[in-house]
Amino acid sequence: MKKIALGLSLITASLFASEYQIGLGLGQHNVSNSPIEDYKFLNLRVGKTLPKNHILRIEIEQGEKVINNQDHITRILLNVEHYFPQKDSKITPYAFVGLGAQSLQGDAQYPNNMVADLGVGAKYNIKNTWDLFAEARGLRDFGNNDNHYGFIAGVLFGFDAEKAEKKVIDSDKDGVADKNDKCLNTPAGVKVDINGCAIDSDNDGVADYQDKCANTPAGVKVDANGCAIDSDNDGVADYQDKCANTPAGVKVDANGCAIDSDNDGVADYQDKCANTPSGFKVDTTGCPLSYRLHITFANNSVVISASEMPKVEKFAEFLKANPAYKVEIQGYTDSKGSEKYNLSLSQKRAKAVYVALINLGVDANRLSYKGYGESNPIASNDTAEGRAQNRRIVAKLSH
């Protein structure tokens, strides 16, 4: 027994180097087929926490007088306990099995022997590292062919309290123990992943409970609210904005580009001549520079046909609505025919439009006309389509 006690002391010393628990309990054993009487005993135990929900326990037991009311029984046991953690419960059930040795001090002839035990129990957490325990045990004395059946109850205290608390405490009550929680202090009610971190469904770096713009596309930069960055604050996120850095207050379309109501290529906020009719060439301020009148004439004719007259009327309305403009009516032809003939023909056609505009109410002082013949072609004269484009009337505007 002295050698066993020495071994116990060495093992116990090693337990003090890591997380462990010490306990004290009282028990009652009933014995069958033995000269030993039923007896009460005191149980002292030291346990070391092992991986995968195991505890290595060393126990020393001292029993009361068991034979002729005078002999005491002493027992040393090495048990392995496996416990079953229960979520959100203070009760932890467990099972154990082990081996040991026992001896009887006194005059009775009862040999020392190896013993084995097994049993089940449960712990109830009182507070922090304090637990009550109770267990039922069966013990076999091989040499004496005895069976001991008993019950033990007592109290346990866990040393290294910081580690012990981390094993069981969930400070932010998110369902992930502190020791596994990579995001402590998650607000109450927030859904978390297995690491205890708030769910971020669109992986934009902003947790769902803070994300005001769910399902942001992958890779898109977001602000603190989880919404895609809109650098120019025009209401269109940068990843969709085709016109970055739009000035503040400017109305934009779905692409983040400034509205151009008259489609003249100059945004409304820069356009000093709004509602320019289609077909006008404008300057950087959106004001017309020239207008191509798509008027065709019969072969060698200088008479504006009835079907072409609405085009002249539309242009006349523009001039009357914008009295700041002066206009030179320019006539052009294709390259067929002599240069001299084409110059004369273009002059006559330009004059016809000039006269028509005056007749439609445009002040003659704002108008002039000139023929340019076959000069300044805008298309090839080698094709019928190109020649048709070159036979044109252009209204050159000036302020």
# chains A, B, ... in the order shown; residues from 1 in each chain; ligands from 1
$ residues_around --residues "region 169-178 of chain A" --least-positions-apart "6" --cutoff "9 Å" --atoms "only C-alpha atoms" --output "list in words"
Lys87, Asp88, Asn128, Leu184, Asn185, Thr186, Pro187, Ala188, Gly189, Val190, Lys191, Val192, Asp193, Ile194, Asn195, Gly196 and Cys197 of chain A
$ select_by_dssp --residues "region 55-206 of chain A" --states "strand (DSSP E or B)" --output "VMD selection string"
chain A and resid 55 to 65 72 to 83 91 to 105 113 to 127 130 to 141 146 to 158 192 198
$ closest_residue --among "A:Gly25, A:Ala324, A:Gly249, A:Tyr149" --to "Cys273 (chain A)" --atoms "only C-alpha atoms"
A:Ala324
$ atom_distance --atom1 "CA of Ala207 (chain A)" --atom2 "CA of Asp241 (chain A)"
25.2 Å
$ closest_residue --among "A:Glu317, A:Asp141, A:Glu339, A:Asp208" --to "Asn33 (chain A)" --atoms "only C-alpha atoms"
A:Asp141
$ atom_distance --atom1 "CA of Gln105 (chain A)" --atom2 "CA of Thr74 (chain A)"
7.7 Å
$ residues_around --residues "region 256-262 of chain A" --least-positions-apart "3" --cutoff "6 Å" --atoms "only C-alpha atoms" --output "compact mmCIF listing (two decimals) with C-alpha atoms, in the first residue's frame"
# COMPACT_ATOMS: atom_id res chain seq x y z
CA VAL A 236 -26.53 54.78 -58.54
CA ASP A 241 -22.46 53.82 -62.51
CA LYS A 242 -21.20 54.41 -66.05
CA CYS A 243 -20.69 58.11 -65.39
CA LYS A 251 -30.48 64.14 -62.10
CA VAL A 252 -29.19 60.89 -63.57
CA ASP A 253 -30.56 57.87 -65.42
CA ALA A 267 -26.57 66.92 -70.29
CA ASP A 268 -29.47 69.03 -69.06
CA ASN A 275 -35.36 71.02 -76.11
CA THR A 276 -33.18 71.38 -79.20
$ residues_around --residues "region 227-230 of chain A" --least-positions-apart "2" --cutoff "10 Å" --atoms "only C-alpha atoms" --output "VMD selection string"
chain A and resid 204 206 211 to 217 220 to 225 232 to 241 244 to 245 256
$ write_last_selection --atoms "N, CA and C atoms" --output "PDB file, in the first residue's frame"
ATOM      1  N   ASP A 204     -20.233  40.448 -47.670  1.00  0.00           N
ATOM      2  CA  ASP A 204     -19.709  41.781 -47.985  1.00  0.00           C
ATOM      3  C   ASP A 204     -18.996  42.413 -46.800  1.00  0.00           C
ATOM      4  N   VAL A 206     -20.341  42.913 -43.832  1.00  0.00           N
ATOM      5  CA  VAL A 206     -21.306  43.532 -42.922  1.00  0.00           C
ATOM      6  C   VAL A 206     -22.344  42.470 -42.547  1.00  0.00           C
ATOM      7  N   ASP A 211     -26.895  44.880 -42.015  1.00  0.00           N
ATOM      8  CA  ASP A 211     -26.866  45.085 -43.466  1.00  0.00           C
ATOM      9  C   ASP A 211     -28.215  45.608 -43.969  1.00  0.00           C
ATOM     10  N   LYS A 212     -28.206  46.850 -44.446  1.00  0.00           N
ATOM     11  CA  LYS A 212     -29.433  47.460 -44.967  1.00  0.00           C
ATOM     12  C   LYS A 212     -29.604  47.181 -46.457  1.00  0.00           C
ATOM     13  N   CYS A 213     -28.619  46.558 -47.058  1.00  0.00           N
ATOM     14  CA  CYS A 213     -28.679  46.231 -48.484  1.00  0.00           C
ATOM     15  C   CYS A 213     -28.263  44.769 -48.658  1.00  0.00           C
ATOM     16  N   ALA A 214     -29.198  43.863 -48.419  1.00  0.00           N
ATOM     17  CA  ALA A 214     -28.898  42.436 -48.503  1.00  0.00           C
ATOM     18  C   ALA A 214     -28.612  42.035 -49.943  1.00  0.00           C
ATOM     19  N   ASN A 215     -27.880  40.917 -50.081  1.00  0.00           N
ATOM     20  CA  ASN A 215     -27.593  40.310 -51.380  1.00  0.00           C
ATOM     21  C   ASN A 215     -26.796  41.217 -52.316  1.00  0.00           C
ATOM     22  N   THR A 216     -25.873  41.993 -51.753  1.00  0.00           N
ATOM     23  CA  THR A 216     -24.960  42.778 -52.581  1.00  0.00           C
ATOM     24  C   THR A 216     -24.126  41.815 -53.418  1.00  0.00           C
ATOM     25  N   PRO A 217     -23.948  42.080 -54.723  1.00  0.00           N
ATOM     26  CA  PRO A 217     -23.159  41.159 -55.564  1.00  0.00           C
ATOM     27  C   PRO A 217     -21.743  40.975 -55.032  1.00  0.00           C
ATOM     28  N   VAL A 220     -18.366  43.592 -54.601  1.00  0.00           N
ATOM     29  CA  VAL A 220     -18.747  45.010 -54.612  1.00  0.00           C
ATOM     30  C   VAL A 220     -18.366  45.663 -53.286  1.00  0.00           C
ATOM     31  N   LYS A 221     -17.714  46.814 -53.334  1.00  0.00           N
ATOM     32  CA  LYS A 221     -17.356  47.541 -52.124  1.00  0.00           C
ATOM     33  C   LYS A 221     -18.613  48.138 -51.497  1.00  0.00           C
ATOM     34  N   VAL A 222     -18.699  47.995 -50.163  1.00  0.00           N
ATOM     35  CA  VAL A 222     -19.888  48.484 -49.454  1.00  0.00           C
ATOM     36  C   VAL A 222     -19.485  49.427 -48.325  1.00  0.00           C
ATOM     37  N   ASP A 223     -20.465  50.197 -47.835  1.00  0.00           N
ATOM     38  CA  ASP A 223     -20.236  51.077 -46.696  1.00  0.00           C
ATOM     39  C   ASP A 223     -20.583  50.346 -45.402  1.00  0.00           C
ATOM     40  N   ALA A 224     -20.603  51.082 -44.293  1.00  0.00           N
ATOM     41  CA  ALA A 224     -20.848  50.475 -42.988  1.00  0.00           C
ATOM     42  C   ALA A 224     -22.243  49.856 -42.883  1.00  0.00           C
ATOM     43  N   ASN A 225     -23.160  50.249 -43.746  1.00  0.00           N
ATOM     44  CA  ASN A 225     -24.519  49.711 -43.744  1.00  0.00           C
ATOM     45  C   ASN A 225     -24.671  48.520 -44.685  1.00  0.00           C
ATOM     46  N   ASP A 232     -20.390  59.414 -55.933  1.00  0.00           N
ATOM     47  CA  ASP A 232     -20.881  60.749 -56.291  1.00  0.00           C
ATOM     48  C   ASP A 232     -22.293  61.028 -55.782  1.00  0.00           C
ATOM     49  N   ASN A 233     -22.803  60.105 -54.939  1.00  0.00           N
ATOM     50  CA  ASN A 233     -24.106  60.316 -54.282  1.00  0.00           C
ATOM     51  C   ASN A 233     -25.225  60.677 -55.262  1.00  0.00           C
ATOM     52  N   ASP A 234     -25.235  59.982 -56.409  1.00  0.00           N
ATOM     53  CA  ASP A 234     -26.283  60.257 -57.389  1.00  0.00           C
ATOM     54  C   ASP A 234     -27.390  59.215 -57.358  1.00  0.00           C
ATOM     55  N   GLY A 235     -27.292  58.286 -56.378  1.00  0.00           N
ATOM     56  CA  GLY A 235     -28.320  57.255 -56.250  1.00  0.00           C
ATOM     57  C   GLY A 235     -28.032  56.000 -57.043  1.00  0.00           C
ATOM     58  N   VAL A 236     -26.925  55.963 -57.765  1.00  0.00           N
ATOM     59  CA  VAL A 236     -26.529  54.784 -58.539  1.00  0.00           C
ATOM     60  C   VAL A 236     -25.175  54.315 -58.014  1.00  0.00           C
ATOM     61  N   ALA A 237     -25.116  53.062 -57.528  1.00  0.00           N
ATOM     62  CA  ALA A 237     -23.882  52.530 -56.944  1.00  0.00           C
ATOM     63  C   ALA A 237     -22.753  52.523 -57.963  1.00  0.00           C
ATOM     64  N   ASP A 238     -21.526  52.655 -57.438  1.00  0.00           N
ATOM     65  CA  ASP A 238     -20.357  52.748 -58.313  1.00  0.00           C
ATOM     66  C   ASP A 238     -20.275  51.591 -59.298  1.00  0.00           C
ATOM     67  N   TYR A 239     -20.611  50.354 -58.827  1.00  0.00           N
ATOM     68  CA  TYR A 239     -20.443  49.211 -59.725  1.00  0.00           C
ATOM     69  C   TYR A 239     -21.450  49.224 -60.876  1.00  0.00           C
ATOM     70  N   GLN A 240     -22.481  50.060 -60.791  1.00  0.00           N
ATOM     71  CA  GLN A 240     -23.455  50.196 -61.876  1.00  0.00           C
ATOM     72  C   GLN A 240     -23.351  51.541 -62.582  1.00  0.00           C
ATOM     73  N   ASP A 241     -22.531  52.433 -62.031  1.00  0.00           N
ATOM     74  CA  ASP A 241     -22.456  53.819 -62.505  1.00  0.00           C
ATOM     75  C   ASP A 241     -21.488  53.934 -63.674  1.00  0.00           C
ATOM     76  N   ALA A 244     -19.104  58.171 -63.578  1.00  0.00           N
ATOM     77  CA  ALA A 244     -18.668  58.483 -62.213  1.00  0.00           C
ATOM     78  C   ALA A 244     -18.481  59.980 -62.031  1.00  0.00           C
ATOM     79  N   ASN A 245     -18.537  60.403 -60.758  1.00  0.00           N
ATOM     80  CA  ASN A 245     -18.273  61.797 -60.377  1.00  0.00           C
ATOM     81  C   ASN A 245     -19.259  62.797 -60.979  1.00  0.00           C
ATOM     82  N   GLY A 256     -26.484  56.080 -64.068  1.00  0.00           N
ATOM     83  CA  GLY A 256     -25.743  57.077 -63.317  1.00  0.00           C
ATOM     84  C   GLY A 256     -25.258  58.237 -64.170  1.00  0.00           C
TER      85      GLY A 256
END
